[in-house]
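*Asks:* Below you'll find the structure I mean.
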2 protein chains.
Amino acid sequence: MLEHFEKFLSGRGLRLTRQRQQVVQVFLSQKDHVSAEELYLKVKKESPEIGYTTVYRTLKLLFEADLAHVHNFRDGFSRFEPAHLVEHHDHLICRKCGGITEFANKHIEKMQENVAREHGFKITDHTLDIYGVCRDCQ
Amino acid sequence: MLEHFEKFLSGRGLRLTRQRQQVVQVFLSQKDHVSAEELYLKVKKESPEIGYTTVYRTLKLLFEADLAHVHNFRDGFSRFEPAHLVEHHDHLICRKCGGITEFANKHIEKMQENVAREHGFKITDHTLDIYGVCRDCQ
DNA sequence: TTTTATATTGAAAACGATTTTCATTTCCGT
DNA sequence: ACGGAAATGAAAATCGTTTTCAATATAAAA
């Protein structure tokens with residue numbers, strides 16, 4: 001997955017620098033949906049000299065390289081998720097604890113395709129976020 | 001629907017002022033998904049003295065009164081939709097022209113409930129946005 | 001009706017996440 | 001080593017949205 005990124009970068013005439021490597025490494029080792037700031041703080045722990053800007057820039061590159069998915073749950077900032085090996089899925093978001101549970105449902109996907117077909121619409125992607133209260137918070 | 005708003009306001013010790021009336025009237029006569037700025041410009045046409053701030057504040061009140069739904073398609077700002085008489089629905093968003101098509105599908109809703117039940121999750125609401133290219137843009 | 005308290009307004013300033021600028025540093029190919 | 005492009009990080013800018021604040025309007029009390 002790091003090779004994928006390196007290939008993507010060199011294809012654009014860009015370099016895999018120490019800082020980018022560091023950010024990518026921390027990002028990929030991450031299972032949760034991290035915000036830019038959360039990632040920045042984690043990176044900073046190991047490499048205090050790396051700046052906010054670089055984290056943002058690297059996240060953008062990861063997104064463009066299809067190595068990161070971006071989500072906007074309703075908390076004001078973008079959350080990033082490693083795309084490596086992760087199958088497509090949707091989210092249950094708890095309004096109390098903020099916890100995010102992933103799920104996948106082929107039926108729902110199929111039906112979305114049906115709806116799109118009925119409208120002559122060609123799907124590129126979609127977002128299905130279900131908000132409510134999770135088991136632990138009830 | 002205006003009475004609903006008035007009732008909501010007075011229940012909070014708030015007043016239905018001329019400005020609020022004006023904003024609400026323009027908003028409700030609107031079918032599309034308007035951004036705050038778009039609404040501001042339309043309101044301004046009839047009442048040039050009404051300020052940006054008041055539009056924002058009134059939209060917030062409408063939202064709290066359940067008279068407006070808020071959506072975040074991926075264009076950077078919130079879009080508001082009159083909730084009056086509008087049945088719940090989801091969206092097909094065209095990446096080329098930005099056009100938004102609404103649809104409703106009971107099967108998909110049911111399946112979401114099933115998924116939630118499996119996770120012991122209590123749904124309050126959800127967002128299903130399908131992105132792609134609409135018929136006219138292909 | 002006058003007083004009083006409270007809500008409302010609009011302009012401007014503040015906010016917060018993200019992006020851009022810019023001077024400096026690093027890296028690669030020659 | 002050298003020259004040029006890319007990368008960095010701090011600070012400033014951006015942009016949608018919210019807050020502040022002094023002035024105004026309005027409802028209720030006296």
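Quick note on naming: the chains in the structure tokens go A, B, ... in the order shown, residues restart at 1 in each chain, and ligands are numbered from 1 in order of appearance.
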Give me the chain B side of the contact with chain A, cut-off 9 Å, one line per residue showing its nearest atom pair and distance in Å at one decimal, counting only C-alpha atoms, sorted by chain and residue number, as a tab-separated table.
*Replies:*
```
residue	atom	partner	partner_atom	distance
B:Asn72	CA	A:Asn72	CA	8.7
B:Leu92	CA	A:Ala116	CA	7.8
B:Cys94	CA	A:Phe121	CA	8.3
B:Thr101	CA	A:His119	CA	8.8
B:Phe103	CA	A:Val115	CA	7.9
B:Ala104	CA	A:Val115	CA	8.9
B:Asn105	CA	A:Val115	CA	8.0
B:His107	CA	A:Met111	CA	7.8
B:Ile108	CA	A:Ile108	CA	5.8
B:Glu109	CA	A:Ile108	CA	9.0
B:Met111	CA	A:Ile108	CA	6.7
B:Gln112	CA	A:Ile108	CA	7.9
B:Val115	CA	A:Phe103	CA	7.9
B:Ala116	CA	A:Leu92	CA	7.8
B:His119	CA	A:Arg135	CA	7.1
B:Gly120	CA	A:Arg135	CA	5.0
B:Phe121	CA	A:Cys134	CA	4.6
B:Lys122	CA	A:Val133	CA	5.1
B:Ile123	CA	A:Gly132	CA	4.2
B:Thr124	CA	A:Gly132	CA	4.6
B:Asp125	CA	A:Tyr131	CA	5.4
B:His126	CA	A:Ile130	CA	4.3
B:Thr127	CA	A:Asp129	CA	5.2
B:Leu128	CA	A:Leu128	CA	4.4
B:Asp129	CA	A:Thr127	CA	5.2
B:Ile130	CA	A:His126	CA	4.3
B:Tyr131	CA	A:Asp125	CA	5.3
B:Gly132	CA	A:Ile123	CA	4.2
B:Val133	CA	A:Lys122	CA	5.1
B:Cys134	CA	A:Phe121	CA	4.6
B:Arg135	CA	A:Gly120	CA	4.9
B:Asp136	CA	A:Gly120	CA	8.7
B:Gln138	CA	A:Lys122	CA	8.2
```
*Asks:* Could you please tell me, as a VMD selection string, which residues of chain D have an atom within 9 Å of chain B when using only C-alpha atoms (C1' of nucleotides)?
*Replies:* chain D and resid 16 to 18 26
*Asks:* Restricting the output to N, CA and C atoms (P, O5', C5', C4', C3', O3' and C1' of nucleotides), write the selected residues as a PDB file, in the first residue's frame.
*Replies:*
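So the final result, stored in again-v6.pdb, reads:
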```pdb
ATOM      1  P    DG D  16     -18.110  30.665   0.766  1.00  0.00           P
ATOM      2  O5'  DG D  16     -19.073  29.994   1.849  1.00  0.00           O
ATOM      3  C5'  DG D  16     -19.028  28.585   2.044  1.00  0.00           C
ATOM      4  C4'  DG D  16     -19.330  28.267   3.488  1.00  0.00           C
ATOM      5  C3'  DG D  16     -20.706  28.736   3.973  1.00  0.00           C
ATOM      6  O3'  DG D  16     -21.319  27.660   4.672  1.00  0.00           O
ATOM      7  C1'  DG D  16     -19.006  29.570   5.396  1.00  0.00           C
ATOM      8  P    DT D  17     -22.801  27.784   5.234  1.00  0.00           P
ATOM      9  O5'  DT D  17     -22.515  28.374   6.680  1.00  0.00           O
ATOM     10  C5'  DT D  17     -21.853  27.550   7.627  1.00  0.00           C
ATOM     11  C4'  DT D  17     -21.576  28.334   8.876  1.00  0.00           C
ATOM     12  C3'  DT D  17     -22.811  28.890   9.598  1.00  0.00           C
ATOM     13  O3'  DT D  17     -22.947  28.165  10.819  1.00  0.00           O
ATOM     14  C1'  DT D  17     -21.013  30.445   9.568  1.00  0.00           C
ATOM     15  P    DT D  18     -24.125  28.553  11.842  1.00  0.00           P
ATOM     16  O5'  DT D  18     -23.328  29.508  12.860  1.00  0.00           O
ATOM     17  C5'  DT D  18     -22.100  29.035  13.397  1.00  0.00           C
ATOM     18  C4'  DT D  18     -21.578  30.053  14.389  1.00  0.00           C
ATOM     19  C3'  DT D  18     -22.607  30.552  15.388  1.00  0.00           C
ATOM     20  O3'  DT D  18     -22.021  30.396  16.670  1.00  0.00           O
ATOM     21  C1'  DT D  18     -21.544  32.389  14.331  1.00  0.00           C
ATOM     22  P    DT D  26     -41.754  46.883  15.964  1.00  0.00           P
ATOM     23  O5'  DT D  26     -42.219  46.043  17.239  1.00  0.00           O
ATOM     24  C5'  DT D  26     -41.540  44.835  17.552  1.00  0.00           C
ATOM     25  C4'  DT D  26     -41.864  44.423  18.972  1.00  0.00           C
ATOM     26  C3'  DT D  26     -43.317  44.722  19.382  1.00  0.00           C
ATOM     27  O3'  DT D  26     -43.849  43.547  19.957  1.00  0.00           O
ATOM     28  C1'  DT D  26     -41.820  45.454  21.025  1.00  0.00           C
TER      29       DT D  26
END
```
*Asks:* Find the residues in chain C near chain B: any atom within 12 Å counts, using only C-alpha atoms (C1' of nucleotides). Write them as a PyMOL selection string.
*Replies:* chain C and resi 6-12+17-18
*Asks:* Give the answer as one residue: which of B:Val70, B:Phe27, B:Leu41, B:Ser10 has the shortest atom-to-atom distance to DA27 of chain D, using only C-alpha atoms (C1' of nucleotides)?
*Replies:*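 Under the stated criterion, the closest residue is B:Ser10.
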*Asks:* Any chance you could list, as a tab-separated table (two decimals) with C-alpha atoms, in the first residue's frame, the residues in chain A that come up helix (DSSP H, G or I) when DSSP is run on the backbone?
*Replies:*
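What follows is the written file out-v4.tsv:
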```tsv
chain	number	residue	atom	x	y	z
A	2	LEU	CA	2.98	2.25	0.56
A	3	GLU	CA	4.26	1.19	-2.84
A	4	HIS	CA	0.94	2.18	-4.34
A	5	PHE	CA	1.38	5.62	-2.87
A	6	GLU	CA	4.96	5.87	-4.07
A	7	LYS	CA	3.88	4.88	-7.56
A	8	PHE	CA	1.11	7.45	-7.47
A	9	LEU	CA	3.52	10.14	-6.38
A	10	SER	CA	6.23	9.40	-8.91
A	11	GLY	CA	3.59	9.29	-11.61
A	18	ARG	CA	10.35	11.33	5.24
A	19	GLN	CA	7.40	13.44	6.41
A	20	ARG	CA	4.96	11.91	3.97
A	21	GLN	CA	6.17	8.44	4.90
A	22	GLN	CA	5.63	9.24	8.55
A	23	VAL	CA	2.12	10.59	8.02
A	24	VAL	CA	1.12	7.69	5.78
A	25	GLN	CA	2.49	5.15	8.21
A	26	VAL	CA	0.55	6.54	11.14
A	27	PHE	CA	-2.55	6.95	9.01
A	28	LEU	CA	-2.53	3.39	7.70
A	36	ALA	CA	-6.90	15.83	10.30
A	37	GLU	CA	-6.18	17.22	13.73
A	38	GLU	CA	-6.29	13.83	15.44
A	39	LEU	CA	-3.85	12.48	12.88
A	40	TYR	CA	-1.64	15.53	13.29
A	41	LEU	CA	-1.45	14.96	17.04
A	42	LYS	CA	-0.54	11.30	16.60
A	43	VAL	CA	2.11	12.09	14.04
A	44	LYS	CA	3.44	14.85	16.21
A	45	LYS	CA	4.04	12.42	19.07
A	46	GLU	CA	6.70	10.64	17.07
A	52	TYR	CA	-0.20	20.83	10.47
A	53	THR	CA	0.07	21.82	6.84
A	54	THR	CA	2.00	18.76	5.83
A	55	VAL	CA	-0.58	16.47	7.40
A	56	TYR	CA	-3.37	18.20	5.51
A	57	ARG	CA	-1.43	18.07	2.29
A	58	THR	CA	-0.59	14.42	2.67
A	59	LEU	CA	-4.19	13.52	3.46
A	60	LYS	CA	-5.23	15.24	0.28
A	61	LEU	CA	-2.70	13.25	-1.69
A	62	LEU	CA	-3.84	10.01	-0.05
A	63	PHE	CA	-7.37	10.85	-1.06
A	64	GLU	CA	-6.35	11.54	-4.63
A	106	LYS	CA	-25.74	-6.06	-0.51
A	107	HIS	CA	-29.50	-5.73	-0.73
A	108	ILE	CA	-29.37	-2.03	-0.02
A	109	GLU	CA	-26.63	-1.58	-2.60
A	110	LYS	CA	-28.63	-3.49	-5.19
A	111	MET	CA	-31.70	-1.38	-4.55
A	112	GLN	CA	-29.71	1.78	-4.95
A	113	GLU	CA	-28.60	0.51	-8.33
A	114	ASN	CA	-32.21	-0.16	-9.23
A	115	VAL	CA	-33.28	3.31	-8.21
A	116	ALA	CA	-30.45	4.84	-10.22
A	117	ARG	CA	-31.30	2.76	-13.27
A	118	GLU	CA	-34.91	3.89	-13.11
A	135	ARG	CA	-26.73	-0.08	21.95
A	136	ASP	CA	-24.36	1.04	24.69
A	137	CYS	CA	-25.82	4.53	24.96
```
*Asks:* Grab the atom CA of Ser35 of chain B to atom CA of His69 of chain B distance for me, in Å with one decimal place.
*Replies:*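 Atom CA of His69 of chain B lies 11.6 Å from atom CA of Ser35 of chain B.
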*Asks:* If we count only C-alpha atoms (C1' of nucleotides) and set the cut-off at 10 Å, which residues sit around DT26 of chain C, ignoring sequence neighbours fewer than 4 positions away in its own chain? Please answer as a list in words.
*Replies:*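 Once the nearby chain positions are removed, what remains is Thr17 of chain A; DA6, DA7 and DT8 of chain D.
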*Asks:* Go ahead and dump the residues you just picked, N, CA and C atoms (P, O5', C5', C4', C3', O3' and C1' of nucleotides), as a PDB file, in the first residue's frame.
*Replies:*
```
ATOM      1  N   THR A  17       8.656  11.718   0.683  1.00  0.00           N
ATOM      2  CA  THR A  17       9.593  12.264   1.660  1.00  0.00           C
ATOM      3  C   THR A  17       9.436  11.586   3.014  1.00  0.00           C
TER       4      THR A  17
ATOM      5  P    DA D   6       8.134  20.224 -10.021  1.00  0.00           P
ATOM      6  O5'  DA D   6       8.364  19.733  -8.524  1.00  0.00           O
ATOM      7  C5'  DA D   6       9.063  18.509  -8.288  1.00  0.00           C
ATOM      8  C4'  DA D   6       9.184  18.306  -6.799  1.00  0.00           C
ATOM      9  C3'  DA D   6       7.879  18.447  -6.029  1.00  0.00           C
ATOM     10  O3'  DA D   6       7.837  17.383  -5.086  1.00  0.00           O
ATOM     11  C1'  DA D   6       9.473  19.929  -5.142  1.00  0.00           C
ATOM     12  P    DA D   7       6.734  17.299  -3.982  1.00  0.00           P
ATOM     13  O5'  DA D   7       7.482  18.009  -2.778  1.00  0.00           O
ATOM     14  C5'  DA D   7       8.626  17.366  -2.222  1.00  0.00           C
ATOM     15  C4'  DA D   7       8.823  17.846  -0.806  1.00  0.00           C
ATOM     16  C3'  DA D   7       7.563  17.913   0.036  1.00  0.00           C
ATOM     17  O3'  DA D   7       7.867  17.325   1.287  1.00  0.00           O
ATOM     18  C1'  DA D   7       8.563  20.055  -0.073  1.00  0.00           C
ATOM     19  P    DT D   8       6.822  17.292   2.451  1.00  0.00           P
ATOM     20  O5'  DT D   8       7.291  18.562   3.271  1.00  0.00           O
ATOM     21  C5'  DT D   8       8.563  18.523   3.923  1.00  0.00           C
ATOM     22  C4'  DT D   8       8.810  19.847   4.588  1.00  0.00           C
ATOM     23  C3'  DT D   8       7.722  20.230   5.574  1.00  0.00           C
ATOM     24  O3'  DT D   8       8.203  19.999   6.872  1.00  0.00           O
ATOM     25  C1'  DT D   8       8.428  22.086   4.197  1.00  0.00           C
TER      26       DT D   8
END
```
*Asks:* One number please: atom CA of Cys97 of chain A to atom CA of Ser29 of chain A, in Å, one decimal.
*Replies:*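 We find that atom CA of Cys97 of chain A and atom CA of Ser29 of chain A lie 23.1 Å from each other.
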*Asks:* Just to confirm, what's the straight-line distance from atom CA of Phe80 of chain A to atom CA of Ala68 of chain A in Å (one decimal)?
*Replies:*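 For atom CA of Phe80 of chain A relative to atom CA of Ala68 of chain A, the distance reads 6.2 Å.
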